[in-house]
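This report concerns only the one structure given below.
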Amino acid sequence: MPALDGRALTCTLFVVFVLITLGITVWARANTNGADDFYAGGRTFNGAQNGIALAGDYMSAASFLGIAGLIALSGYDGFLYSIGFLVAWLLTLLLVELMRNAGRFTMADVLAHRVRRQPPVRRAAVVSTVTVSVFYLLAQMVGAGALVSLLLGIHRGREFLGMSAGTARTATIVVVGALMICYVMFGGMKATTWVQIIKAVLLTAGALVLTGLVLARFGFDLGAMLGSAAHASGKGEAFLRPGLRYGEDVPGDAYRTILNKLDFISLAVALLLGTAGLPHIVTRFFTVPDARAARTSVSWAIGLVGLFYLMTLALGFGAAALVGRAAIVAQDPSGNTAAPQLAQELGRHLGGQVGGDILLAFIGAVAFATILAVVAGLVLASSTSLAHDYFGQVLMLGRPRESQEVAVARFASFLVGSLAIVLAVVARNLNVAFLVALAFAIAAASNLPAIVLTLFWRRFNSAGVTAGIYGGLISSLVLVFFSPVVSGKVDPVTGENLALFPKSVDFHLFPLENPGIVSIPIGFLCAIAGTFLGREKADRALYDDMSVRALTGAGSH
């Protein structure tokens with residue numbers, strides 16, 4: 001357990017960061033005067049600023065905590081998350097800039113631009129945006145609970161300030177939720193962006209420090225680090241080869257072997273295709289003044305994201321080698337605390353207990369900043385969609401007063417944040433990287449078909465948009481509900497329940513943990529079928545206008 005001085009240092013850094021971000025929120029509130037300021041920061045951010053913020057939005061708690069944990073526990077297979085998240089930017093490069101030119105504030109602006117019947121399209125986009133954002137929010141807030149439990153020395157079976165470990169973890173989730181609601185309700189996009197910029201700089205610096213210290217421990221010899229990690233894992237060379245977690249061959253059971261490989265393919269497809277459908281990533285591109293700044297944003301984001309995901313290799317394998325599987329699992333069975341534990345071990349090696357406390361507190365504060373920044377972006381994307389698309393464009397028929405729309409956005413941020421808090425408490429024991437993979441699968445199945453066909457298929461219409469969104473969304477949720485993740489998943493070695501429901505409850509019908517391989521094709525098929533079955537004819541003039549905007553940026557907001 002960290003010493004009292006270590007706890008005091010950790011709490012001090014947390015308080016300092018929270019006070020800084022609240023100060024930014026107060027400043028942003030004083031400089032937020034209308035919908036354009038609240039939703040898009042007045043479009044005053046340059047390409048470099050937005051690119052750093054975009055990287056901050058993308059490098060989430062799943063990246064820093066979940067992926068490092070998966071690599072530490074699963075070796076090569078855990079690193080596949082890093083590869084998937086990084087390669088996904090190739091598709092995002094193509095689609096997101098086109099969407100930025102064709103829209104104004106939200107994904108629904110793009111989808112509704114070229115159709116005659118806008119209300120059903122906007123309603124569907126709102127439902128999808130909120131659903132994807134809430135799933136992503138769960139991951140960040142679950143990560144917050146695991147992180148603060150480690151930093152404050154909260155272990156299972158022990159009490160903290162009179163609370164059990166479970167209660168203390170729940171309280172942490174509630175506090176994080178309250179802060180994110182505060183950022184969005186009062187600061188809007190300006191506060192969220194600056195929090196994300198600060199967080200991206202801190203996270204990159206923290207990861208660089210840890211990576212340098214880990215490599216220094218092994219004489220900057222990657223082979224020595226990987227060999228030590230494999231030896232400490234207890235799995236030997238299998239730790240460095242595919243199949244330990246995904247696509248595992250089961251001797252004598254061809255059915256289970258095929259399912260494992262399909263599950264891996266399903267995960268990879270969701271990671272690759274889901275990024276471009278994430279609402280909070282799309283929303284970030286509306287904060288820059290023109291298409292050129294949007295391209296600059298992508299360049300900055302790719303550089304930072306690429307550097308960071310390469311460093312997760314050192315963080316994960318370094319944790320496996322220096323912390324050890326037993327210590328990681330003892331603190332958090334899903335491995336979400338591997339990176340902070342690595343920081344503590346490296347600090348102790350340099351400066352004893354005090355050094356361990358200092359580095360743990362710094363990395364913990366960075367991870368906490370990561371969580372707060374990402375959850376603020378997600379809540380903002382949801383509240384913007386609810387206020388601008390549903391209230392402003394559907395209920396008010398496109399003629400709301402700006403003050404009304406912003407007021408609704410603030411209230412919506414409270415509702416979405418509260419829902420995320422409740423759900424995160426229920427799902428607090430799941431691995432955060434896995435929760436993000438589910439969000440990616442839902443985004444890829446519900447949003448990506450509508451986005452791609454809107455941009456590139458002249459005949460596409462409102463019936464196709466709504467059918468694609470609802471078809472992909474419903475199929476994803478149904479498949480997840482009847483998957484082993486929710487019920488029926490048991491560790492074959494220890495017999496420990498790994499599902500959301502108790503071990504005694506088993507109603508899983510769908511054998512895969514990741515639904516993307518089935519739900520993404522369903523989303524595309526529903527979109528195509530809806531287009532042909534719908535009676536509405538596509539407006540060629542609107543499509544041509546949108547194409548010109550998307551490709552050139554001419555006439556875009």
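Labels used: A, B, ... for chains in the order of the structure tokens, numbers from 1 for residues in each chain, and numbers from 1 for ligands as shown.
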Tell me which protein, DNA and RNA residues are within 9 Å of stretch 449-463 of chain A, counting only C-alpha atoms, leaving out same-chain ones fewer than 4 positions away, and put them as a ChimeraX atom specification. /A:95,98-99,107,110-112,114-118,120-121,276-277,444-445,467-469,472,520-521,523-525,527-540,543-544,546-547,550
Go ahead and dump the residues you just picked, C-alpha atoms, as an mmCIF file, in the first residue's frame.
data_model
loop_
_atom_site.group_PDB
_atom_site.id
_atom_site.type_symbol
_atom_site.label_atom_id
_atom_site.label_comp_id
_atom_site.auth_asym_id
_atom_site.auth_seq_id
_atom_site.Cartn_x
_atom_site.Cartn_y
_atom_site.Cartn_z
ATOM 1 C CA LEU A 95 -13.843 10.250 -44.317
ATOM 2 C CA LEU A 98 -15.015 15.112 -46.103
ATOM 3 C CA MET A 99 -17.579 15.149 -43.299
ATOM 4 C CA MET A 107 -22.575 13.898 -37.840
ATOM 5 C CA VAL A 110 -23.765 15.612 -42.876
ATOM 6 C CA LEU A 111 -26.296 12.784 -43.114
ATOM 7 C CA ALA A 112 -29.259 15.166 -43.363
ATOM 8 C CA ARG A 114 -28.588 15.697 -48.986
ATOM 9 C CA VAL A 115 -32.001 14.200 -48.052
ATOM 10 C CA ARG A 116 -35.465 15.724 -48.265
ATOM 11 C CA ARG A 117 -36.876 14.146 -45.087
ATOM 12 C CA GLN A 118 -34.457 15.310 -42.404
ATOM 13 C CA PRO A 120 -36.090 10.789 -39.202
ATOM 14 C CA VAL A 121 -32.413 10.974 -40.172
ATOM 15 C CA ALA A 276 -14.493 7.069 -38.460
ATOM 16 C CA GLY A 277 -17.924 6.505 -36.918
ATOM 17 C CA ALA A 444 -18.814 0.798 -37.257
ATOM 18 C CA ALA A 445 -22.150 -1.015 -37.651
ATOM 19 C CA ALA A 467 -32.494 1.720 -41.887
ATOM 20 C CA GLY A 468 -28.701 1.519 -41.856
ATOM 21 C CA ILE A 469 -28.320 3.284 -38.516
ATOM 22 C CA GLY A 472 -26.528 -1.724 -37.360
ATOM 23 C CA ILE A 520 -21.295 -4.315 -39.699
ATOM 24 C CA PRO A 521 -22.497 -6.227 -42.806
ATOM 25 C CA GLY A 523 -25.706 -2.257 -41.140
ATOM 26 C CA PHE A 524 -24.642 -1.964 -44.784
ATOM 27 C CA LEU A 525 -27.322 -4.411 -45.981
ATOM 28 C CA ALA A 527 -28.883 0.773 -45.546
ATOM 29 C CA ILE A 528 -28.937 -0.599 -49.101
ATOM 30 C CA ALA A 529 -32.280 -2.390 -48.634
ATOM 31 C CA GLY A 530 -33.848 0.702 -47.058
ATOM 32 C CA THR A 531 -32.731 2.811 -50.018
ATOM 33 C CA PHE A 532 -34.348 0.509 -52.578
ATOM 34 C CA LEU A 533 -37.517 -0.102 -50.535
ATOM 35 C CA GLY A 534 -38.044 3.558 -49.596
ATOM 36 C CA ARG A 535 -40.313 5.587 -51.844
ATOM 37 C CA GLU A 536 -38.274 8.767 -51.641
ATOM 38 C CA LYS A 537 -36.088 9.607 -54.628
ATOM 39 C CA ALA A 538 -32.667 11.012 -53.941
ATOM 40 C CA ASP A 539 -32.203 14.699 -54.722
ATOM 41 C CA ARG A 540 -29.345 14.808 -57.236
ATOM 42 C CA TYR A 543 -25.941 15.352 -53.549
ATOM 43 C CA ASP A 544 -23.901 17.362 -56.053
ATOM 44 C CA MET A 546 -22.662 18.137 -50.805
ATOM 45 C CA SER A 547 -19.999 16.510 -52.990
ATOM 46 C CA ALA A 550 -16.908 17.664 -49.164
#
Please provide as a ChimeraX atom specification all residues within 9 Å of stretch 291-302 of chain A, with the sequence filter that same-chain residues fewer than 2 positions apart are discarded (counting only C-alpha atoms). /A:45-56,58,86,89,93,97-98,100-101,285-289,304-307,552-554,556
Give me the residues of stretch 21-103 of chain A that have any atom at most 12 Å from an atom of stretch 341-364 of chain A; for each, the nearest atom pair and the distance in Å, rounded to one decimal. Use only C-alpha atoms, sort by chain and number, and format it as a tab-separated table.
residue	atom	partner	partner_atom	distance
A:Ala61	CA	A:Gly364	CA	11.2
A:Phe64	CA	A:Ile363	CA	10.1
A:Leu65	CA	A:Gly364	CA	10.3
A:Ala68	CA	A:Leu342	CA	9.9
A:Gly69	CA	A:Gln341	CA	10.2
A:Ala72	CA	A:Leu342	CA	10.2
Would you output that residue set with N, CA, C and O atoms, as a PDB file, in the first residue's frame?
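Output contents, as saved in part-v5.pdb:
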ATOM      1  N   ALA A  61      -8.448   6.452 -21.891  1.00  0.00           N
ATOM      2  CA  ALA A  61      -8.064   5.577 -20.783  1.00  0.00           C
ATOM      3  C   ALA A  61      -7.864   4.146 -21.273  1.00  0.00           C
ATOM      4  O   ALA A  61      -7.056   3.403 -20.726  1.00  0.00           O
ATOM      5  N   PHE A  64      -4.187   4.074 -22.558  1.00  0.00           N
ATOM      6  CA  PHE A  64      -3.137   4.172 -21.554  1.00  0.00           C
ATOM      7  C   PHE A  64      -3.234   3.066 -20.507  1.00  0.00           C
ATOM      8  O   PHE A  64      -2.224   2.501 -20.091  1.00  0.00           O
ATOM      9  N   LEU A  65      -4.440   2.763 -20.092  1.00  0.00           N
ATOM     10  CA  LEU A  65      -4.631   1.781 -19.031  1.00  0.00           C
ATOM     11  C   LEU A  65      -4.982   0.400 -19.576  1.00  0.00           C
ATOM     12  O   LEU A  65      -4.352  -0.591 -19.250  1.00  0.00           O
ATOM     13  N   ALA A  68      -2.222  -1.225 -22.197  1.00  0.00           N
ATOM     14  CA  ALA A  68      -1.029  -1.619 -21.436  1.00  0.00           C
ATOM     15  C   ALA A  68      -1.311  -2.858 -20.598  1.00  0.00           C
ATOM     16  O   ALA A  68      -0.475  -3.769 -20.500  1.00  0.00           O
ATOM     17  N   GLY A  69      -2.501  -2.913 -19.995  1.00  0.00           N
ATOM     18  CA  GLY A  69      -2.884  -4.079 -19.206  1.00  0.00           C
ATOM     19  C   GLY A  69      -3.036  -5.337 -20.038  1.00  0.00           C
ATOM     20  O   GLY A  69      -2.612  -6.426 -19.644  1.00  0.00           O
ATOM     21  N   ALA A  72       0.369  -6.564 -21.001  1.00  0.00           N
ATOM     22  CA  ALA A  72       1.033  -7.147 -19.834  1.00  0.00           C
ATOM     23  C   ALA A  72       0.506  -8.546 -19.519  1.00  0.00           C
ATOM     24  O   ALA A  72       1.259  -9.410 -19.057  1.00  0.00           O
TER      25      ALA A  72
END
DSSP says helix (DSSP H, G or I) for which residues of stretch 224-396 of chain A? Put them as JSON, numbers by chain? {"A": [224, 225, 226, 227, 228, 229, 230, 231, 232, 233, 236, 237, 238, 239, 240, 254, 255, 256, 257, 258, 259, 260, 261, 262, 263, 264, 265, 266, 267, 268, 269, 270, 271, 272, 273, 274, 275, 276, 277, 279, 280, 281, 282, 283, 284, 285, 286, 287, 291, 292, 293, 294, 295, 296, 297, 298, 299, 300, 301, 302, 303, 304, 305, 306, 307, 308, 309, 310, 311, 312, 313, 314, 315, 316, 317, 318, 319, 320, 321, 322, 325, 326, 327, 328, 329, 330, 331, 338, 339, 340, 341, 342, 343, 344, 345, 346, 347, 348, 349, 350, 351, 352, 353, 354, 355, 356, 357, 358, 359, 360, 361, 362, 363, 364, 365, 366, 367, 368, 369, 370, 371, 372, 373, 374, 375, 376, 377, 378, 379, 380, 381, 382, 383, 384, 385, 386, 387, 388, 389, 390, 391, 392, 393, 394, 395]}
Would you mind listing what lies within 7 Å of A:Ala373 as a PyMOL selection string, with only C-alpha atoms counted and same-chain residues fewer than 4 positions away left out? chain A and resi 57+192+195-196+199+369+377
